[in-house]
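Peer 1: Let me begin by handing over the structure; questions about it come next.
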Amino acid sequence: MIQLFHVSKYYDRRPALSDVNLQIAKGEFVLLMGPSGAGKTTLLKLLFCAESPDQGQILVQNRNVARLRRSDVPYLRRSMGMVFQDFRLLPKKNVFENVALPLVVQGASAFETKRKVTEALKAVGVEHRKDSRPTTLSAGEQQRVSIARAIVNGPIILLADEPTGNLDPELAGEIIELFKAINARGTTVMVATHNRQVADQVSRRVVTLNQGKLVSDEGVGQ
Ligand SMILES: Nc1ncnc2c1ncn2[C@@H]1O[C@H](COP(=O)(O)OP(=O)(O)OP(=O)(O)O)[C@@H](O)[C@H]1O
Ligand SMILES: [Mg+2]
């Protein structure tokens, strides 16, 4: 599903990722941990084709992402969802419109858009707020909306970068439960966090980066 072979990424000649090897199978729930500056965000950006590696190979669903033509990137991205710490919702659009955005960009029909957006909003439990502006929602609700937007295309892989960073522990716990439920329905999930509590709650595979190097890869229970 996701394979990294000897992947390195440099910023200003300093390695943000250094010779990383990693294989993730379909349906796994992987936590990406490590201190600030360890390279977690960089790794997610490489998977999402927001950056390209300087060395090594990255295969996502057996496709070499560094060799994709520019025009192929949107197709790959459609099979992935991305969730950010700061939600990144458009303030002038309502909840429904925010979640519909990836479908609108693809030219989906109004009928299909309504069906998929409603389903995604139901899955994250904020359907009742569909007509509200994101700014009128609580932080936890806003993150649910951003997760709905990430899953609206039925992605094979869901990537999240510090998704609980702006939430208090109780809400963070709810969001992690949501990721677990999405994973249980078959989506591969990868969550970057430096929150130990999240790791304890998920108790799956934990991959740890430090100064750009993969320093441990542990399966915790299952
Ligand atoms: N666009 C950039 N330009 C220059 N350096 C960068 C850039 N992005 C990341 N870096 C550097 O790469 C290293 C890894 O950064 P990255 O953001 O991947 O870490 P992180 O593990 O996500 O940290 P945090 O927990 O603080 O989010 C850091 O040293 C960072 O300063
Ligand atoms: Mg980061």
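Note on naming: chains are A, B, ... as they come in the structure tokens, residues start from 1 per chain, ligands start from 1 in the order shown.
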Could the residues of chain A that have an atom at most 8 Å from ligand 1 be listed as CSV, each with its closest atom pair and the distance in Å to one decimal, counting only C-alpha atoms and all ligand atoms and ordered by chain and ascending residue number?
Peer 2:
residue,atom,partner,partner_atom_place_in_ligand_line,distance
A:Tyr10,CA,ligand 1,12 (O),7.5
A:Tyr11,CA,ligand 1,4 (C),4.7
A:Asp12,CA,ligand 1,4 (C),6.4
A:Arg14,CA,ligand 1,12 (O),7.6
A:Pro15,CA,ligand 1,12 (O),6.9
A:Ala16,CA,ligand 1,12 (O),4.0
A:Leu17,CA,ligand 1,14 (C),7.1
A:Met33,CA,ligand 1,21 (O),7.7
A:Gly34,CA,ligand 1,21 (O),6.2
A:Pro35,CA,ligand 1,25 (O),5.6
A:Ser36,CA,ligand 1,25 (O),3.4
A:Gly37,CA,ligand 1,19 (O),3.4
A:Ala38,CA,ligand 1,21 (O),3.8
A:Gly39,CA,ligand 1,18 (O),3.1
A:Lys40,CA,ligand 1,21 (O),3.7
A:Thr41,CA,ligand 1,22 (O),3.7
A:Thr42,CA,ligand 1,18 (O),3.7
A:Leu43,CA,ligand 1,18 (O),6.5
A:Asp161,CA,ligand 1,22 (O),7.8
A:Glu162,CA,ligand 1,27 (O),7.4
A:Ala192,CA,ligand 1,22 (O),7.7
A:Thr193,CA,ligand 1,25 (O),7.0
A:His194,CA,ligand 1,25 (O),6.3
A:Leu209,CA,ligand 1,21 (O),7.5
A:Asn210,CA,ligand 1,21 (O),7.9
A:Gln211,CA,ligand 1,14 (C),7.3
A:Gly212,CA,ligand 1,14 (C),6.7
Peer 1: Write to file, as a tab-separated table (two decimals), in the first residue's frame, the residues of the selection just made, with C-alpha atoms.
Peer 2:
chain	number	residue	atom	x	y	z
A	10	TYR	CA	16.70	17.92	2.45
A	11	TYR	CA	15.84	21.51	3.23
A	12	ASP	CA	18.77	23.87	2.72
A	14	ARG	CA	19.93	19.75	6.06
A	15	PRO	CA	18.16	16.40	6.13
A	16	ALA	CA	14.53	16.53	7.28
A	17	LEU	CA	14.30	12.82	6.48
A	33	MET	CA	5.65	9.82	16.54
A	34	GLY	CA	8.76	11.77	17.45
A	35	PRO	CA	9.76	15.16	18.85
A	36	SER	CA	9.28	18.48	17.11
A	37	GLY	CA	11.43	18.68	13.98
A	38	ALA	CA	11.71	14.89	13.70
A	39	GLY	CA	10.32	14.88	10.17
A	40	LYS	CA	6.72	13.74	10.70
A	41	THR	CA	5.07	16.47	8.62
A	42	THR	CA	7.71	16.08	5.93
A	43	LEU	CA	6.94	12.37	5.65
A	161	ASP	CA	-0.98	15.68	10.90
A	162	GLU	CA	-1.39	16.41	14.63
A	192	ALA	CA	1.38	11.98	13.09
A	193	THR	CA	1.41	13.16	16.68
A	194	HIS	CA	3.72	13.83	19.56
A	209	LEU	CA	11.24	9.37	13.91
A	210	ASN	CA	14.04	11.34	15.48
A	211	GLN	CA	16.08	13.93	13.59
A	212	GLY	CA	14.82	12.55	10.31
Peer 1: List every residue of segment 10-131 of chain A that DSSP, applied to the backbone of this structure, assigns to helix (DSSP H, G or I), and report them as JSON, numbers by chain.
Peer 2: {"A": [40, 41, 42, 43, 44, 45, 46, 47, 65, 66, 67, 70, 71, 72, 73, 74, 75, 76, 77, 78, 95, 96, 97, 98, 99, 100, 101, 102, 103, 104, 105, 106, 110, 111, 112, 113, 114, 115, 116, 117, 118, 119, 120, 121, 122, 123, 124, 127, 128, 129]}
Peer 1: Please write the residues from the selection above to a file, keeping N, CA and C atoms, as a short mmCIF file (atom, residue, chain, number, x, y, z; two decimals), in the first residue's frame.
Peer 2:
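To be explicit, this is the file written out as again_31.cif:
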data_model
loop_
_atom_site.label_atom_id
_atom_site.label_comp_id
_atom_site.auth_asym_id
_atom_site.auth_seq_id
_atom_site.Cartn_x
_atom_site.Cartn_y
_atom_site.Cartn_z
N LYS A 40 8.05 14.35 10.85
CA LYS A 40 6.72 13.74 10.70
C LYS A 40 5.92 14.41 9.57
N THR A 41 5.83 15.74 9.65
CA THR A 41 5.07 16.47 8.62
C THR A 41 5.71 16.27 7.24
N THR A 42 7.01 16.28 7.20
CA THR A 42 7.71 16.08 5.93
C THR A 42 7.34 14.73 5.33
N LEU A 43 7.29 13.71 6.15
CA LEU A 43 6.94 12.37 5.65
C LEU A 43 5.51 12.37 5.08
N LEU A 44 4.58 12.98 5.81
CA LEU A 44 3.19 13.03 5.30
C LEU A 44 3.11 13.82 4.00
N LYS A 45 3.86 14.92 3.92
CA LYS A 45 3.85 15.73 2.69
C LYS A 45 4.37 14.92 1.50
N LEU A 46 5.36 14.10 1.75
CA LEU A 46 5.90 13.27 0.65
C LEU A 46 4.83 12.28 0.18
N LEU A 47 4.12 11.68 1.13
CA LEU A 47 3.09 10.71 0.76
C LEU A 47 1.96 11.39 -0.01
N VAL A 65 5.48 7.73 -6.62
CA VAL A 65 4.89 9.08 -6.58
C VAL A 65 5.84 10.15 -7.12
N ALA A 66 7.14 9.91 -7.04
CA ALA A 66 8.08 10.91 -7.54
C ALA A 66 8.07 10.97 -9.06
N ARG A 67 7.64 9.87 -9.68
CA ARG A 67 7.66 9.83 -11.15
C ARG A 67 6.32 10.13 -11.78
N ARG A 70 2.60 15.49 -13.53
CA ARG A 70 1.85 16.49 -12.77
C ARG A 70 0.35 16.26 -12.88
N SER A 71 -0.07 15.89 -14.07
CA SER A 71 -1.50 15.70 -14.31
C SER A 71 -2.06 14.47 -13.59
N ASP A 72 -1.17 13.58 -13.15
CA ASP A 72 -1.64 12.37 -12.46
C ASP A 72 -1.79 12.59 -10.95
N VAL A 73 -1.18 13.66 -10.44
CA VAL A 73 -1.20 13.89 -8.99
C VAL A 73 -2.63 13.98 -8.44
N PRO A 74 -3.53 14.73 -9.09
CA PRO A 74 -4.90 14.79 -8.55
C PRO A 74 -5.57 13.42 -8.44
N TYR A 75 -5.27 12.53 -9.38
CA TYR A 75 -5.88 11.19 -9.33
C TYR A 75 -5.39 10.41 -8.11
N LEU A 76 -4.09 10.54 -7.84
CA LEU A 76 -3.54 9.84 -6.67
C LEU A 76 -4.13 10.44 -5.39
N ARG A 77 -4.20 11.78 -5.38
CA ARG A 77 -4.71 12.46 -4.17
C ARG A 77 -6.15 12.08 -3.87
N ARG A 78 -6.89 11.77 -4.91
CA ARG A 78 -8.28 11.39 -4.69
C ARG A 78 -8.40 10.14 -3.85
N VAL A 95 -20.68 24.32 6.25
CA VAL A 95 -20.12 22.99 6.48
C VAL A 95 -20.31 22.09 5.26
N PHE A 96 -21.52 22.09 4.72
CA PHE A 96 -21.80 21.25 3.56
C PHE A 96 -20.86 21.60 2.40
N GLU A 97 -20.73 22.90 2.14
CA GLU A 97 -19.89 23.34 1.02
C GLU A 97 -18.42 23.00 1.23
N ASN A 98 -17.97 23.10 2.47
CA ASN A 98 -16.58 22.74 2.77
C ASN A 98 -16.31 21.27 2.47
N VAL A 99 -17.25 20.43 2.90
CA VAL A 99 -17.06 18.98 2.69
C VAL A 99 -17.21 18.63 1.21
N ALA A 100 -18.06 19.41 0.51
CA ALA A 100 -18.31 19.13 -0.91
C ALA A 100 -17.15 19.53 -1.81
N LEU A 101 -16.26 20.35 -1.29
CA LEU A 101 -15.22 20.95 -2.14
C LEU A 101 -14.43 19.95 -3.01
N PRO A 102 -13.91 18.85 -2.43
CA PRO A 102 -13.15 17.92 -3.29
C PRO A 102 -14.00 17.36 -4.43
N LEU A 103 -15.31 17.22 -4.19
CA LEU A 103 -16.19 16.67 -5.23
C LEU A 103 -16.48 17.72 -6.30
N VAL A 104 -16.66 18.96 -5.85
CA VAL A 104 -16.93 20.04 -6.79
C VAL A 104 -15.74 20.21 -7.74
N VAL A 105 -14.53 20.14 -7.16
CA VAL A 105 -13.31 20.28 -7.96
C VAL A 105 -13.27 19.20 -9.05
N GLN A 106 -13.78 18.01 -8.71
CA GLN A 106 -13.76 16.91 -9.68
C GLN A 106 -14.92 16.96 -10.67
N ALA A 110 -24.55 17.20 -8.81
CA ALA A 110 -25.16 17.69 -7.58
C ALA A 110 -25.74 16.54 -6.76
N PHE A 111 -26.32 15.58 -7.46
CA PHE A 111 -26.93 14.43 -6.79
C PHE A 111 -25.88 13.61 -6.04
N GLU A 112 -24.81 13.30 -6.75
CA GLU A 112 -23.73 12.52 -6.15
C GLU A 112 -23.08 13.27 -4.99
N THR A 113 -22.90 14.58 -5.20
CA THR A 113 -22.29 15.41 -4.16
C THR A 113 -23.13 15.36 -2.89
N LYS A 114 -24.43 15.54 -3.05
CA LYS A 114 -25.31 15.56 -1.88
C LYS A 114 -25.24 14.22 -1.15
N ARG A 115 -25.29 13.14 -1.91
CA ARG A 115 -25.27 11.81 -1.30
C ARG A 115 -23.97 11.57 -0.52
N LYS A 116 -22.84 11.89 -1.16
CA LYS A 116 -21.54 11.62 -0.52
C LYS A 116 -21.29 12.54 0.67
N VAL A 117 -21.65 13.81 0.53
CA VAL A 117 -21.42 14.75 1.64
C VAL A 117 -22.28 14.37 2.84
N THR A 118 -23.54 14.02 2.58
CA THR A 118 -24.43 13.63 3.67
C THR A 118 -23.88 12.40 4.39
N GLU A 119 -23.41 11.45 3.61
CA GLU A 119 -22.85 10.23 4.19
C GLU A 119 -21.61 10.54 5.06
N ALA A 120 -20.73 11.41 4.54
CA ALA A 120 -19.51 11.76 5.27
C ALA A 120 -19.84 12.52 6.55
N LEU A 121 -20.80 13.43 6.46
CA LEU A 121 -21.17 14.21 7.65
C LEU A 121 -21.80 13.30 8.71
N LYS A 122 -22.58 12.33 8.26
CA LYS A 122 -23.18 11.38 9.20
C LYS A 122 -22.10 10.55 9.87
N ALA A 123 -21.11 10.13 9.09
CA ALA A 123 -20.04 9.27 9.63
C ALA A 123 -19.27 9.96 10.76
N VAL A 124 -19.18 11.29 10.69
CA VAL A 124 -18.42 12.00 11.73
C VAL A 124 -19.33 12.69 12.74
N GLU A 127 -23.84 16.08 10.94
CA GLU A 127 -24.81 16.35 9.86
C GLU A 127 -25.75 17.50 10.23
N HIS A 128 -26.09 17.60 11.52
CA HIS A 128 -27.02 18.64 11.98
C HIS A 128 -26.43 20.05 11.84
N ARG A 129 -25.13 20.16 11.60
CA ARG A 129 -24.51 21.48 11.44
C ARG A 129 -24.21 21.82 9.99
#
Peer 1: For each of A:Ser79, A:Asn195, A:Gln201, A:Asn166, take the minimum atom-to-atom distance to Ile151 of chain A, counting only C-alpha atoms, then give the residue where this is smallest.
Peer 2: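 Once distances to Ile151 of chain A are computed over only C-alpha atoms, the minimum belongs to A:Ser79.
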Peer 1: According to DSSP computed on the backbone, where in segment 33-162 of chain A is there strand (DSSP E or B)? Give the residues as a PyMOL selection string.
Peer 2: chain A and resi 33+55-60+63-64+80-84+157-161
Peer 1: For the selection just defined, write its residues with C-alpha atoms to a file, as a PDB file, in the first residue's frame.
Peer 2:
ATOM      1  CA  MET A  33       5.654   9.819  16.542  1.00  0.00           C
ATOM      2  CA  GLN A  55      16.636  10.382  -2.659  1.00  0.00           C
ATOM      3  CA  GLY A  56      14.905   7.033  -2.544  1.00  0.00           C
ATOM      4  CA  GLN A  57      11.573   5.820  -3.775  1.00  0.00           C
ATOM      5  CA  ILE A  58       8.037   6.156  -2.514  1.00  0.00           C
ATOM      6  CA  LEU A  59       5.367   3.817  -3.785  1.00  0.00           C
ATOM      7  CA  VAL A  60       1.738   4.481  -2.959  1.00  0.00           C
ATOM      8  CA  ARG A  63       2.840   3.797  -8.051  1.00  0.00           C
ATOM      9  CA  ASN A  64       6.077   5.696  -7.788  1.00  0.00           C
ATOM     10  CA  MET A  80      -6.016   9.902  -0.059  1.00  0.00           C
ATOM     11  CA  GLY A  81      -7.533  12.159   2.555  1.00  0.00           C
ATOM     12  CA  MET A  82      -5.531  14.638   4.608  1.00  0.00           C
ATOM     13  CA  VAL A  83      -6.418  16.129   7.984  1.00  0.00           C
ATOM     14  CA  PHE A  84      -4.510  19.022   9.560  1.00  0.00           C
ATOM     15  CA  ILE A 157      -5.552   6.116   2.866  1.00  0.00           C
ATOM     16  CA  LEU A 158      -6.289   8.759   5.472  1.00  0.00           C
ATOM     17  CA  LEU A 159      -3.330  10.888   6.607  1.00  0.00           C
ATOM     18  CA  ALA A 160      -3.547  13.209   9.606  1.00  0.00           C
ATOM     19  CA  ASP A 161      -0.978  15.676  10.903  1.00  0.00           C
TER      20      ASP A 161
END
Peer 1: Report, in Å with one decimal, the straight-line distance from atom CA of Leu32 of chain A to atom CA of Phe87 of chain A.
Peer 2: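 One can read the atom CA of Leu32 of chain A to atom CA of Phe87 of chain A distance as 18.9 Å.
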Peer 1: Just give me the gap between atom CA of Lys9 of chain A and atom CA of Val206 of chain A in Å, one decimal is fine.
Peer 2: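 Pair atom CA of Lys9 of chain A / atom CA of Val206 of chain A returns 21.4 Å.
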Peer 1: To one decimal in Å, tell me the separation between atom CA of Glu28 of chain A and atom CA of Arg69 of chain A.
Peer 2: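 So the answer is 27.9 Å.
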Peer 1: Ranking A:Leu22, A:Val202, A:Ala108, A:Val191 by minimum distance to ligand 2 and counting only C-alpha atoms and all ligand atoms, which one comes first?
Peer 2: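 Using only C-alpha atoms and all ligand atoms, the shortest distance to ligand 2 belongs to A:Val191.
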Peer 1: Would you please work out which residue, of A:Gln142, A:Val7, A:Asn94, A:Gly165, is nearest to ligand 2 when using only C-alpha atoms and all ligand atoms?
Peer 2: A:Gly165
Peer 1: Give the answer as one residue: which of A:Asp86, A:Asp168, A:Asp200, A:Glu177 has the shortest atom-to-atom distance to ligand 2, using only C-alpha atoms and all ligand atoms?
Peer 2: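 Once distances to ligand 2 are computed over only C-alpha atoms and all ligand atoms, the minimum belongs to A:Asp86.
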Peer 1: Considering only C-alpha atoms and all ligand atoms, state which residue in the set A:Gly186, A:Pro163, A:Pro155, A:Pro169 is at the smallest distance from ligand 2.
Peer 2: A:Pro163
